[in-house]
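See below for upload-v8.txt, which holds compact mmCIF, C-alpha atoms and all ligand atoms.
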# COMPACT_ATOMS: atom_id res chain seq x y z
CA MET U 29 93.64 -27.59 1.72
CA LYS U 30 93.56 -24.03 3.04
CA ILE U 31 96.85 -22.41 2.12
CA LEU U 32 98.36 -19.05 3.08
CA ILE U 33 100.45 -17.64 0.27
CA ILE U 34 103.18 -15.14 1.05
CA ASN U 35 105.06 -12.96 -1.41
CA ALA U 36 107.57 -11.04 0.69
CA GLY U 37 109.43 -8.02 -0.66
CA SER U 38 112.00 -5.92 1.15
CA SER U 39 109.46 -3.44 2.57
CA SER U 40 106.17 -5.06 1.58
CA LEU U 41 104.44 -8.40 1.91
CA LYS U 42 101.48 -9.65 -0.11
CA TYR U 43 99.33 -12.46 1.20
CA GLN U 44 96.44 -14.54 0.04
CA PHE U 45 94.54 -17.19 1.94
CA MET U 46 92.88 -19.66 -0.38
CA GLU U 47 91.62 -23.15 -1.04
CA SER U 48 94.08 -25.13 -3.17
CA GLU U 49 91.28 -27.12 -4.78
CA GLY U 50 89.18 -24.83 -6.94
CA GLY U 51 91.04 -21.71 -5.91
CA GLN U 52 88.45 -19.98 -3.71
CA VAL U 53 90.06 -16.90 -2.12
CA PHE U 54 88.97 -16.27 1.48
CA ALA U 55 91.12 -13.20 2.14
CA LYS U 56 94.05 -11.33 0.72
CA GLY U 57 96.00 -8.22 1.44
CA LEU U 58 99.17 -6.28 1.63
CA CYS U 59 101.56 -5.09 4.34
CA GLU U 60 103.47 -2.00 3.30
CA ARG U 61 106.20 0.20 4.73
CA ILE U 62 107.74 -2.65 6.73
CA GLY U 63 110.79 -1.27 8.57
CA ILE U 64 109.41 2.29 8.27
CA ASP U 65 106.05 2.42 10.06
CA GLY U 66 103.65 -0.23 8.79
CA ARG U 67 100.34 -0.30 6.96
CA LEU U 68 97.97 -3.20 6.41
CA THR U 69 95.28 -3.50 3.76
CA HIS U 70 93.05 -6.53 4.22
CA LYS U 71 90.40 -7.63 1.72
CA VAL U 72 87.68 -10.21 2.15
CA PRO U 73 85.38 -10.82 -0.83
CA GLY U 74 81.98 -9.22 -0.25
CA ARG U 75 83.19 -7.01 2.61
CA GLU U 76 84.62 -3.53 2.79
CA ASP U 77 88.44 -3.32 2.69
CA VAL U 78 90.15 -2.83 6.04
CA LYS U 79 93.09 -0.42 6.28
CA GLN U 80 95.13 -0.22 9.46
CA GLU U 81 98.35 1.37 10.62
CA ILE U 82 100.28 -1.21 12.63
CA PRO U 83 103.94 -0.89 13.64
CA MET U 84 105.99 -3.28 11.51
CA PRO U 85 109.67 -2.87 12.38
CA THR U 86 110.40 -6.24 10.73
CA HIS U 87 108.67 -8.95 8.68
CA ASN U 88 107.86 -10.74 11.98
CA GLU U 89 105.37 -8.04 12.99
CA ALA U 90 103.94 -8.01 9.46
CA ILE U 91 103.24 -11.76 9.54
CA GLN U 92 101.84 -11.43 13.06
CA ALA U 93 99.54 -8.62 11.86
CA VAL U 94 98.32 -10.83 9.00
CA LEU U 95 97.58 -13.73 11.37
CA ASP U 96 95.90 -11.42 13.89
CA ILE U 97 93.52 -9.99 11.33
CA MET U 98 92.79 -13.42 9.87
CA VAL U 99 91.49 -14.64 13.26
CA ASP U 100 89.84 -11.35 14.26
CA PRO U 101 86.17 -12.12 15.06
CA ALA U 102 84.91 -9.13 13.02
CA LYS U 103 87.45 -8.76 10.22
CA GLY U 104 88.87 -12.27 9.99
CA VAL U 105 87.95 -15.43 8.14
CA ILE U 106 89.12 -18.21 10.48
CA ALA U 107 88.66 -19.09 14.15
CA SER U 108 92.25 -20.14 14.71
CA THR U 109 95.53 -20.15 12.82
CA ASP U 110 95.38 -23.96 13.05
CA GLU U 111 93.07 -23.72 10.06
CA ILE U 112 96.07 -22.68 7.93
CA ALA U 113 97.18 -26.10 6.68
CA ALA U 114 100.40 -24.84 5.08
CA VAL U 115 102.20 -21.74 3.83
CA GLY U 116 103.43 -21.32 0.27
CA HIS U 117 106.16 -18.74 -0.36
CA ARG U 118 106.94 -17.13 -3.67
CA VAL U 119 110.74 -17.10 -4.05
CA LEU U 120 112.36 -15.25 -6.92
CA HIS U 121 115.58 -17.07 -7.70
CA GLY U 122 116.13 -20.78 -7.33
CA GLY U 123 119.34 -20.80 -9.36
CA MET U 124 120.22 -24.22 -10.74
CA ALA U 125 119.36 -25.88 -7.43
CA PHE U 126 115.59 -25.82 -7.83
CA THR U 127 113.78 -27.34 -10.77
CA GLN U 128 110.53 -27.52 -8.82
CA SER U 129 108.87 -26.36 -5.61
CA CYS U 130 110.13 -27.80 -2.34
CA ILE U 131 109.27 -28.17 1.33
CA ILE U 132 111.21 -25.61 3.34
CA ASP U 133 113.77 -27.20 5.63
CA ASP U 134 117.30 -26.20 6.64
CA ALA U 135 118.79 -27.50 3.38
CA CYS U 136 116.23 -25.58 1.31
CA ILE U 137 116.96 -22.36 3.22
CA GLU U 138 120.70 -22.83 2.72
CA ALA U 139 120.13 -23.34 -1.02
CA ILE U 140 117.96 -20.20 -1.25
CA LYS U 141 120.72 -18.29 0.59
CA LYS U 142 123.25 -19.55 -1.95
CA CYS U 143 121.11 -17.98 -4.69
CA ILE U 144 121.27 -14.50 -3.08
CA PRO U 145 124.05 -13.32 -5.44
CA LEU U 146 121.71 -14.18 -8.36
CA GLY U 147 118.68 -12.49 -6.80
CA PRO U 148 120.27 -9.88 -4.51
CA LEU U 149 117.14 -7.76 -4.02
CA HIS U 150 114.43 -10.41 -3.81
CA ASN U 151 115.88 -13.54 -2.22
CA PRO U 152 116.84 -11.88 1.09
CA ALA U 153 113.31 -10.42 1.32
CA ASN U 154 111.76 -13.80 0.48
CA LEU U 155 113.89 -15.34 3.23
CA MET U 156 112.68 -12.75 5.73
CA GLY U 157 109.11 -13.81 4.97
CA ILE U 158 110.02 -17.49 5.38
CA GLU U 159 111.89 -16.92 8.63
CA ALA U 160 109.06 -14.83 10.09
CA CYS U 161 106.54 -17.60 9.33
CA GLN U 162 108.83 -20.24 10.81
CA LYS U 163 109.17 -18.20 13.96
CA ILE U 164 105.48 -17.37 14.39
CA MET U 165 103.92 -20.61 13.14
CA PRO U 166 106.65 -23.22 13.72
CA LYS U 167 104.36 -26.23 13.35
CA THR U 168 102.87 -25.22 9.99
CA PRO U 169 104.61 -26.78 6.97
CA GLN U 170 106.04 -24.33 4.43
CA VAL U 171 106.84 -24.61 0.77
CA ALA U 172 108.99 -22.50 -1.55
CA VAL U 173 107.80 -21.95 -5.12
CA PHE U 174 110.41 -20.46 -7.43
CA ASP U 175 109.94 -18.00 -10.28
CA THR U 176 112.81 -19.66 -12.13
CA ALA U 177 111.93 -23.36 -11.67
CA PHE U 178 109.63 -23.81 -14.69
CA HIS U 179 112.38 -22.60 -17.00
CA MET U 180 114.94 -25.17 -15.86
CA THR U 181 113.94 -27.53 -18.69
CA MET U 182 115.49 -25.17 -21.26
CA PRO U 183 118.13 -26.92 -23.38
CA PRO U 184 121.75 -25.69 -23.10
CA LYS U 185 121.60 -23.91 -26.47
CA ALA U 186 118.79 -21.72 -25.07
CA TYR U 187 120.28 -21.00 -21.67
CA ILE U 188 123.98 -20.61 -22.44
CA TYR U 189 125.37 -17.11 -23.04
CA ALA U 190 128.05 -16.74 -25.68
CA ILE U 191 130.71 -15.60 -23.23
CA PRO U 192 133.65 -17.68 -21.92
CA TYR U 193 132.21 -21.02 -20.77
CA GLU U 194 134.03 -20.83 -17.44
CA TYR U 195 131.53 -18.18 -16.26
CA TYR U 196 128.79 -20.76 -16.63
CA GLU U 197 130.84 -23.53 -15.03
CA LYS U 198 132.30 -21.53 -12.16
CA ASP U 199 129.79 -18.73 -11.62
CA ASP U 200 126.42 -20.16 -12.75
CA VAL U 201 126.02 -17.44 -15.40
CA ARG U 202 123.20 -18.61 -17.70
CA ARG U 203 119.68 -17.74 -18.70
CA TYR U 204 117.26 -18.53 -15.86
CA GLY U 205 114.07 -16.70 -16.76
CA PHE U 206 111.29 -15.43 -14.46
CA HIS U 207 107.49 -15.37 -14.18
CA GLY U 208 107.87 -19.17 -14.30
CA THR U 209 104.83 -19.83 -12.14
CA SER U 210 102.70 -17.72 -14.48
CA HIS U 211 104.13 -19.34 -17.62
CA ARG U 212 103.53 -22.76 -16.09
CA TYR U 213 99.92 -21.94 -15.21
CA VAL U 214 98.91 -20.35 -18.51
CA SER U 215 100.74 -22.88 -20.70
CA ALA U 216 99.01 -25.74 -18.84
CA ARG U 217 95.62 -24.03 -19.29
CA ALA U 218 96.38 -23.47 -23.00
CA ILE U 219 97.27 -27.13 -23.51
CA ASP U 220 94.03 -28.04 -21.79
CA MET U 221 92.12 -25.64 -24.09
CA LEU U 222 93.85 -27.28 -27.08
CA GLY U 223 92.30 -30.57 -25.97
CA ASN U 224 95.41 -32.02 -24.29
CA PRO U 225 97.19 -33.18 -27.45
CA GLU U 226 100.22 -35.46 -27.05
CA HIS U 227 102.47 -32.78 -28.57
CA SER U 228 102.05 -29.02 -28.33
CA LYS U 229 103.94 -25.80 -29.01
CA VAL U 230 102.77 -22.79 -27.05
CA ILE U 231 104.06 -19.21 -26.88
CA CYS U 232 103.10 -17.47 -23.62
CA CYS U 233 103.14 -13.67 -23.59
CA HIS U 234 103.19 -12.49 -19.95
CA LEU U 235 102.75 -8.75 -20.47
CA GLY U 236 102.55 -6.75 -17.25
CA ASN U 237 104.72 -4.26 -15.42
CA GLY U 238 107.48 -6.76 -15.99
CA SER U 239 107.06 -8.79 -19.15
CA SER U 240 108.43 -11.98 -20.62
CA LEU U 241 107.66 -14.49 -23.33
CA SER U 242 108.23 -18.21 -23.14
CA ALA U 243 108.29 -21.00 -25.69
CA VAL U 244 106.73 -24.16 -24.25
CA VAL U 245 107.09 -27.50 -26.01
CA ASP U 246 104.95 -30.40 -24.73
CA GLY U 247 104.35 -28.50 -21.50
CA LYS U 248 108.04 -27.86 -20.84
CA CYS U 249 109.80 -24.54 -21.16
CA ALA U 250 112.15 -24.49 -24.17
CA ASP U 251 113.14 -20.80 -24.07
CA THR U 252 112.26 -17.54 -22.38
CA THR U 253 113.14 -13.90 -22.84
CA MET U 254 114.40 -12.96 -19.37
CA GLY U 255 117.92 -13.97 -18.45
CA LEU U 256 120.20 -14.19 -15.45
CA GLY U 257 118.02 -11.40 -14.10
CA PRO U 258 114.62 -9.90 -14.97
CA LEU U 259 116.11 -6.98 -16.95
CA ALA U 260 116.48 -8.99 -20.14
CA GLY U 261 114.11 -9.51 -23.06
CA PHE U 262 111.94 -6.83 -24.64
CA PRO U 263 111.13 -3.35 -23.25
CA MET U 264 108.87 -3.33 -20.17
CA GLY U 265 107.25 -0.60 -18.05
CA THR U 266 110.55 0.78 -16.78
CA ARG U 267 113.10 -1.90 -17.77
CA SER U 268 115.05 -1.64 -20.99
CA GLY U 269 115.02 -5.29 -22.01
CA ASP U 270 118.04 -6.43 -24.03
CA VAL U 271 120.51 -3.65 -24.84
CA ASP U 272 123.87 -3.60 -26.51
CA ALA U 273 126.42 -3.70 -23.64
CA THR U 274 128.44 -1.09 -25.54
CA ILE U 275 125.80 1.47 -24.51
CA LEU U 276 126.76 0.95 -20.87
CA GLU U 277 130.42 1.73 -21.48
CA TYR U 278 129.53 4.69 -23.69
CA LEU U 279 127.11 6.34 -21.24
CA MET U 280 129.19 5.53 -18.17
CA GLY U 281 132.15 7.20 -19.88
CA ARG U 282 130.20 10.27 -20.97
CA TYR U 283 128.35 10.89 -17.70
CA GLY U 284 130.62 9.27 -15.12
CA TYR U 285 127.92 6.87 -13.94
CA ASP U 286 129.04 3.92 -11.87
CA ILE U 287 127.52 0.52 -12.62
CA LYS U 288 124.83 0.93 -9.92
CA GLU U 289 123.63 4.20 -11.44
CA MET U 290 123.72 2.68 -14.91
CA LEU U 291 121.67 -0.34 -13.83
CA ASN U 292 119.23 1.91 -12.01
CA ILE U 293 118.65 3.75 -15.30
CA LEU U 294 118.14 0.46 -17.17
CA ASN U 295 115.82 -0.96 -14.49
CA LYS U 296 113.82 2.05 -13.38
CA LYS U 297 114.02 4.78 -16.03
CA SER U 298 113.94 2.85 -19.29
CA GLY U 299 111.39 0.71 -21.12
CA VAL U 300 108.25 2.45 -22.33
CA LEU U 301 108.69 5.08 -19.60
CA GLY U 302 112.15 5.89 -20.92
CA ILE U 303 111.06 6.18 -24.55
CA SER U 304 107.84 8.10 -23.89
CA GLY U 305 108.86 10.24 -20.93
CA VAL U 306 105.16 9.92 -20.01
CA SER U 307 104.53 6.81 -17.91
CA SER U 308 105.28 3.14 -17.42
CA ASP U 309 101.56 2.40 -17.37
CA PHE U 310 100.16 1.39 -20.74
CA ARG U 311 96.81 3.04 -20.03
CA ASP U 312 98.57 6.42 -19.69
CA LEU U 313 100.49 5.74 -22.90
CA ASP U 314 97.28 4.89 -24.76
CA ASP U 315 95.73 8.18 -23.57
CA ALA U 316 98.81 10.23 -24.44
CA ALA U 317 99.17 8.60 -27.87
CA ALA U 318 95.48 9.22 -28.59
CA LYS U 319 96.14 12.92 -27.90
CA GLY U 320 98.96 12.92 -30.43
CA ASN U 321 101.99 12.37 -28.19
CA GLU U 322 104.48 10.93 -30.67
CA ARG U 323 106.90 9.51 -28.11
CA ALA U 324 104.08 7.69 -26.34
CA GLN U 325 103.13 6.21 -29.70
CA LEU U 326 106.77 5.30 -30.38
CA ALA U 327 106.98 3.51 -27.01
CA LEU U 328 103.86 1.49 -27.83
CA ASP U 329 105.14 0.75 -31.34
CA LYS U 330 108.48 -0.41 -29.96
CA PHE U 331 106.80 -2.72 -27.45
CA ILE U 332 104.50 -4.25 -30.08
CA TYR U 333 107.37 -4.64 -32.54
CA GLU U 334 109.63 -6.44 -30.05
CA VAL U 335 106.89 -8.80 -28.80
CA LYS U 336 106.06 -9.65 -32.42
CA LYS U 337 109.74 -10.35 -33.11
CA PHE U 338 110.00 -12.79 -30.21
CA ILE U 339 106.79 -14.54 -31.28
CA GLY U 340 108.35 -15.07 -34.72
CA ALA U 341 111.63 -16.17 -33.17
CA TYR U 342 109.97 -18.70 -30.89
CA ALA U 343 107.72 -20.08 -33.63
CA SER U 344 110.83 -20.55 -35.70
CA ALA U 345 112.81 -22.08 -32.82
CA MET U 346 110.01 -24.55 -32.05
CA GLY U 347 109.31 -25.33 -35.73
CA GLY U 348 105.76 -24.03 -35.45
CA VAL U 349 103.23 -22.93 -32.88
CA ASP U 350 99.81 -24.28 -31.85
CA ALA U 351 98.74 -21.51 -29.48
CA ILE U 352 99.72 -17.97 -28.54
CA VAL U 353 98.61 -16.96 -25.05
CA PHE U 354 98.19 -13.46 -23.61
CA THR U 355 98.29 -12.95 -19.86
CA ALA U 356 99.08 -10.47 -17.01
CA GLY U 357 97.92 -6.83 -16.73
CA ILE U 358 98.39 -5.83 -20.37
CA GLY U 359 97.88 -9.27 -21.90
CA GLU U 360 94.60 -9.80 -20.05
CA ASN U 361 93.19 -6.27 -20.35
CA SER U 362 94.50 -4.44 -23.37
CA VAL U 363 92.28 -5.29 -26.33
CA GLU U 364 94.25 -2.91 -28.58
CA MET U 365 97.67 -4.28 -27.60
CA ARG U 366 96.64 -7.88 -28.31
CA GLU U 367 95.12 -6.88 -31.62
CA GLN U 368 98.19 -4.96 -32.73
CA ILE U 369 100.62 -7.69 -31.66
CA CYS U 370 98.63 -10.25 -33.65
CA GLN U 371 98.31 -8.01 -36.72
CA GLY U 372 100.37 -9.52 -39.52
CA LEU U 373 100.80 -12.91 -37.85
CA GLU U 374 98.54 -14.54 -40.47
CA TYR U 375 101.69 -15.83 -42.22
CA LEU U 376 102.17 -18.04 -39.13
CA GLY U 377 98.60 -19.27 -39.35
CA ALA U 378 97.48 -17.06 -36.46
CA LYS U 379 94.36 -15.00 -37.19
CA MET U 380 92.53 -13.12 -34.48
CA ASP U 381 88.78 -12.56 -34.34
CA THR U 382 88.75 -8.87 -33.38
CA GLU U 383 85.18 -9.11 -32.06
CA LYS U 384 85.97 -12.06 -29.78
CA ASN U 385 89.09 -10.17 -28.71
CA LYS U 386 86.95 -7.47 -27.09
CA VAL U 387 87.33 -9.15 -23.71
CA ARG U 388 89.07 -8.28 -20.46
CA GLY U 389 90.35 -10.61 -17.78
CA LYS U 390 88.38 -13.65 -18.93
CA GLU U 391 89.65 -16.98 -20.26
CA THR U 392 88.70 -16.81 -23.94
CA ASP U 393 89.65 -18.24 -27.31
CA VAL U 394 89.99 -15.11 -29.45
CA SER U 395 91.19 -16.77 -32.64
CA ALA U 396 89.18 -16.50 -35.84
CA ASP U 397 87.29 -19.53 -37.11
CA GLY U 398 89.73 -21.63 -39.11
CA SER U 399 92.84 -20.04 -37.58
CA LYS U 400 95.48 -22.78 -37.55
CA VAL U 401 97.07 -21.26 -34.46
CA LYS U 402 94.82 -20.65 -31.47
CA ILE U 403 95.05 -17.28 -29.74
CA PHE U 404 94.00 -17.39 -26.09
CA VAL U 405 93.49 -14.81 -23.37
CA ILE U 406 94.19 -16.60 -20.08
CA PRO U 407 94.21 -14.66 -16.79
CA THR U 408 97.22 -15.85 -14.87
CA ASN U 409 96.85 -17.28 -11.39
CA GLU U 410 100.26 -17.64 -9.79
CA GLU U 411 98.67 -17.87 -6.33
CA LEU U 412 96.64 -20.91 -7.32
CA MET U 413 99.77 -22.61 -8.68
CA ILE U 414 101.59 -21.87 -5.42
CA ALA U 415 98.63 -23.19 -3.40
CA MET U 416 98.43 -26.34 -5.51
CA ASP U 417 102.16 -27.02 -5.23
CA THR U 418 102.03 -26.40 -1.48
CA ALA U 419 99.07 -28.73 -1.01
CA ALA U 420 100.66 -31.41 -3.19
CA LEU U 421 103.89 -31.33 -1.20
CA CYS U 422 102.27 -31.05 2.24
CA GLY U 423 99.35 -33.36 1.66
CA LYS U 424 101.64 -36.38 1.45
P1 LIG L 501 102.91 -6.78 -12.28
O1 LIG L 501 104.04 -7.11 -13.21
O2 LIG L 501 103.22 -5.67 -11.31
O3 LIG L 501 102.21 -7.98 -11.67
P2 LIG L 501 100.48 -6.55 -13.85
O4 LIG L 501 100.55 -7.87 -14.51
O5 LIG L 501 99.40 -6.32 -12.84
O6 LIG L 501 101.86 -6.10 -13.23
O7 LIG L 501 100.35 -5.44 -14.98
C1 LIG L 501 100.23 -4.09 -14.67
C2 LIG L 501 100.23 -3.28 -15.94
O8 LIG L 501 99.13 -3.70 -16.78
C3 LIG L 501 99.99 -1.80 -15.71
O9 LIG L 501 101.18 -1.12 -15.53
C4 LIG L 501 99.33 -1.38 -17.00
O10 LIG L 501 100.34 -0.92 -17.86
C5 LIG L 501 98.76 -2.63 -17.61
N1 LIG L 501 97.29 -2.59 -17.75
C6 LIG L 501 96.36 -2.93 -16.86
N2 LIG L 501 95.11 -2.75 -17.37
C7 LIG L 501 95.28 -2.26 -18.63
C8 LIG L 501 94.40 -1.86 -19.70
N3 LIG L 501 93.08 -1.93 -19.58
N4 LIG L 501 94.95 -1.42 -20.83
C9 LIG L 501 96.29 -1.35 -20.97
N5 LIG L 501 97.15 -1.71 -20.03
C10 LIG L 501 96.67 -2.17 -18.87
Show how you would write the structure in this file as structure tokens.
Ligand code: ADP
Amino acid sequence: MKILIINAGSSSLKYQFMESEGGQVFAKGLCERIGIDGRLTHKVPGREDVKQEIPMPTHNEAIQAVLDIMVDPAKGVIASTDEIAAVGHRVLHGGMAFTQSCIIDDACIEAIKKCIPLGPLHNPANLMGIEACQKIMPKTPQVAVFDTAFHMTMPPKAYIYAIPYEYYEKDDVRRYGFHGTSHRYVSARAIDMLGNPEHSKVICCHLGNGSSLSAVVDGKCADTTMGLGPLAGFPMGTRSGDVDATILEYLMGRYGYDIKEMLNILNKKSGVLGISGVSSDFRDLDDAAAKGNERAQLALDKFIYEVKKFIGAYASAMGGVDAIVFTAGIGENSVEMREQICQGLEYLGAKMDTEKNKVRGKETDVSADGSKVKIFVIPTNEELMIAMDTAALCGK
């Protein structure tokens, strides 16, 4: 089925038009500056990129611009929007209501709205994308695919926070986890690469701008590093990862920050950017460290150290590990980062072949011959997962 995938943010909207079987991408692009002025970048494989300025006061005009360019005789890829069999929407927070993807109807929209307090920045934007599609293509079925859904199989001991239980019961405070669509895709690929054994223990390292690890037992998520929100876990590009809450009180007291300012620091000015003062991009950090910048090196060391710690923790929690998977921008592309994270993991039975590891963005087994634990590089494909879920739900 030909599926349009929409990932709507507050002022941007990414789209991809693809075949759910096999994953061929016909077109993809990005609407930016929605609500400001409006800019569209449209890419068709084998053709030159198209960039246009189109007024986009709301998400409605953005979706309309996407549909217009898709059917444009010169720049488009389809004759009519009827060729779009269904739309799949990426939705950030599904709370406890969504353990899997679902067809979008009134009840689904209400449930996504109820999750707004848990995903205050993303869910309203995701809803704007959904509502724009409903308005402009009312006959086309739509599906919501949640970043949190894959993690809903975590056992209570993994998702409960050690704070008064009433906050879980009354206020839904628990670990949810994110990047679920990516963890689901790469863990399924890893299990396939292991030869589809009846039982499997996989650690997925999604290392990108935002990063998270997950522990996956028999294909089901058993634990993950992100929490109620995507700030938790280990240091990321600009996010701190887990910090001692005492730091918040201490800094807020010293500098008079309110909680919004404090969270802005933890979300936007921390992580490897915060430690290095150089950049949130690991390529810049590699360059700076190579030139002797000690704080850039410290930021890289901290990142490697924390990822390694979680790998050990998850191997221990699962009682072993069969495969460690690297994915997303850093995991797929940084040869050095993968090598350094895997250094010293021989005690776990994980030995990397550093020659095989010299690979970027290609599904590869990079473990050494005889390594008990497989080490895989698996490019993530969240769009394909969304397309497959959408086709499965709409094909019935
Ligand atoms: P997002 O979380 O925005 O989807 P990505 O998964 O695309 O992010 O990851 C982007 C990050 O990947 C960049 O910020 C950069 O740090 C990192 N990255 C990409 N290519 C390389 C590379 N060759 N070496 C090191 N880091 C890389």
Discussion item. Around ligand LIG 501 (chain L), out to 8 Å and counting only C-alpha atoms and all ligand atoms, which residues are there? I want them as a PyMOL selection string.
Written reply: chain U and resi 234-239+265+308-312+314+355-365+388
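Across U:Asp350, U:Glu334, U:Asp381, U:Glu277, the tightest approach to U:Cys232 is made by U:Asp350 when counting all atoms listed in the file.
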Worksheet item: Any idea what's packed within 6 Å of U:Asp251, counting only C-alpha atoms, ignoring anything in its chain fewer than 3 positions away? Could you give it as a list in words?
Response: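 In the requested format, the answer is Met182, Ala186, Ser242 and Ala243 of chain U.
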Discussion item. What's around U:Met180 at 8 Å? Count only C-alpha atoms, leave out sequence neighbours fewer than 5 positions away in its own chain, and write the answer as a list in words.
Written reply: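 Counting only C-alpha atoms, the residues come to Met124, Thr127, Tyr204 and Cys249 of chain U.
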Worksheet item: To one decimal place, how far is atom CA of U:Gln92 from atom CA of U:Cys161 in Å?
Response: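 Atom-to-atom, atom CA of U:Gln92 and atom CA of U:Cys161 are spaced 8.6 Å apart.
Coordinates place atom CA of U:Phe45 at a distance of 4.4 Å from atom CA of U:Leu32.
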Item to complete: List the neighbours of U:Glu226 out to 9 Å using only C-alpha atoms; skip same-chain residues closer than 2 positions along the sequence, and give me the result as JSON, numbers by chain.
Response: {"U": [224, 228, 246]}
Discussion item. Within 10 Å of (110.7, -8.9, -19.7) (file coordinates; all atoms listed in the file), which protein or nucleic acid residues are there? I'd like them as a PyMOL selection string.
Written reply: chain U and resi 205-207+233-241+252-255+257-265+267-270+299+335
Could the residues in this selection be saved with C-alpha atoms as a PDB file, in the coordinates of the input?
ATOM      1  CA  GLY U 205     114.070 -16.700 -16.760  1.00  0.00           C
ATOM      2  CA  PHE U 206     111.290 -15.430 -14.460  1.00  0.00           C
ATOM      3  CA  HIS U 207     107.490 -15.370 -14.180  1.00  0.00           C
ATOM      4  CA  CYS U 233     103.140 -13.670 -23.590  1.00  0.00           C
ATOM      5  CA  HIS U 234     103.190 -12.490 -19.950  1.00  0.00           C
ATOM      6  CA  LEU U 235     102.750  -8.750 -20.470  1.00  0.00           C
ATOM      7  CA  GLY U 236     102.550  -6.750 -17.250  1.00  0.00           C
ATOM      8  CA  ASN U 237     104.720  -4.260 -15.420  1.00  0.00           C
ATOM      9  CA  GLY U 238     107.480  -6.760 -15.990  1.00  0.00           C
ATOM     10  CA  SER U 239     107.060  -8.790 -19.150  1.00  0.00           C
ATOM     11  CA  SER U 240     108.430 -11.980 -20.620  1.00  0.00           C
ATOM     12  CA  LEU U 241     107.660 -14.490 -23.330  1.00  0.00           C
ATOM     13  CA  THR U 252     112.260 -17.540 -22.380  1.00  0.00           C
ATOM     14  CA  THR U 253     113.140 -13.900 -22.840  1.00  0.00           C
ATOM     15  CA  MET U 254     114.400 -12.960 -19.370  1.00  0.00           C
ATOM     16  CA  GLY U 255     117.920 -13.970 -18.450  1.00  0.00           C
ATOM     17  CA  GLY U 257     118.020 -11.400 -14.100  1.00  0.00           C
ATOM     18  CA  PRO U 258     114.620  -9.900 -14.970  1.00  0.00           C
ATOM     19  CA  LEU U 259     116.110  -6.980 -16.950  1.00  0.00           C
ATOM     20  CA  ALA U 260     116.480  -8.990 -20.140  1.00  0.00           C
ATOM     21  CA  GLY U 261     114.110  -9.510 -23.060  1.00  0.00           C
ATOM     22  CA  PHE U 262     111.940  -6.830 -24.640  1.00  0.00           C
ATOM     23  CA  PRO U 263     111.130  -3.350 -23.250  1.00  0.00           C
ATOM     24  CA  MET U 264     108.870  -3.330 -20.170  1.00  0.00           C
ATOM     25  CA  GLY U 265     107.250  -0.600 -18.050  1.00  0.00           C
ATOM     26  CA  ARG U 267     113.100  -1.900 -17.770  1.00  0.00           C
ATOM     27  CA  SER U 268     115.050  -1.640 -20.990  1.00  0.00           C
ATOM     28  CA  GLY U 269     115.020  -5.290 -22.010  1.00  0.00           C
ATOM     29  CA  ASP U 270     118.040  -6.430 -24.030  1.00  0.00           C
ATOM     30  CA  GLY U 299     111.390   0.710 -21.120  1.00  0.00           C
ATOM     31  CA  VAL U 335     106.890  -8.800 -28.800  1.00  0.00           C
TER      32      VAL U 335
END
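Minimum atom-to-atom distance to U:Met221, evaluated using all atoms listed in the file, belongs to U:Val353 out of U:Asp417, U:Asn88, U:Val353, U:Asp65.
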Item to complete: Tell me, in Å to one decimal, how far atom CA of U:Glu47 is from atom CA of U:Cys422.
Response: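 Separation of atom CA of U:Glu47 and atom CA of U:Cys422: 13.7 Å.
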Take stretch 97-103 of chain U, bring it up to N, CA, C and O atoms, and give me the output as an mmCIF file, in the frame of the given file.
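This is the output file rebuild-v6.cif:
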data_model
loop_
_atom_site.group_PDB
_atom_site.id
_atom_site.type_symbol
_atom_site.label_atom_id
_atom_site.label_comp_id
_atom_site.auth_asym_id
_atom_site.auth_seq_id
_atom_site.Cartn_x
_atom_site.Cartn_y
_atom_site.Cartn_z
ATOM 1 N N ILE U 97 94.738 -10.438 12.019
ATOM 2 C CA ILE U 97 93.520 -9.990 11.330
ATOM 3 C C ILE U 97 92.748 -11.169 10.742
ATOM 4 O O ILE U 97 91.522 -11.146 10.651
ATOM 5 N N MET U 98 93.469 -12.234 10.415
ATOM 6 C CA MET U 98 92.790 -13.420 9.870
ATOM 7 C C MET U 98 91.904 -14.093 10.908
ATOM 8 O O MET U 98 90.903 -14.723 10.558
ATOM 9 N N VAL U 99 92.284 -13.982 12.209
ATOM 10 C CA VAL U 99 91.490 -14.640 13.260
ATOM 11 C C VAL U 99 90.610 -13.628 14.018
ATOM 12 O O VAL U 99 89.906 -14.015 14.948
ATOM 13 N N ASP U 100 90.671 -12.376 13.604
ATOM 14 C CA ASP U 100 89.840 -11.350 14.260
ATOM 15 C C ASP U 100 88.349 -11.699 14.072
ATOM 16 O O ASP U 100 87.909 -11.966 12.955
ATOM 17 N N PRO U 101 87.567 -11.700 15.178
ATOM 18 C CA PRO U 101 86.170 -12.120 15.060
ATOM 19 C C PRO U 101 85.372 -11.286 14.050
ATOM 20 O O PRO U 101 84.507 -11.818 13.354
ATOM 21 N N ALA U 102 85.682 -9.984 13.928
ATOM 22 C CA ALA U 102 84.910 -9.130 13.020
ATOM 23 C C ALA U 102 85.504 -9.106 11.614
ATOM 24 O O ALA U 102 84.783 -9.188 10.623
ATOM 25 N N LYS U 103 86.824 -8.989 11.532
ATOM 26 C CA LYS U 103 87.450 -8.760 10.220
ATOM 27 C C LYS U 103 88.034 -10.033 9.611
ATOM 28 O O LYS U 103 88.423 -10.068 8.443
#
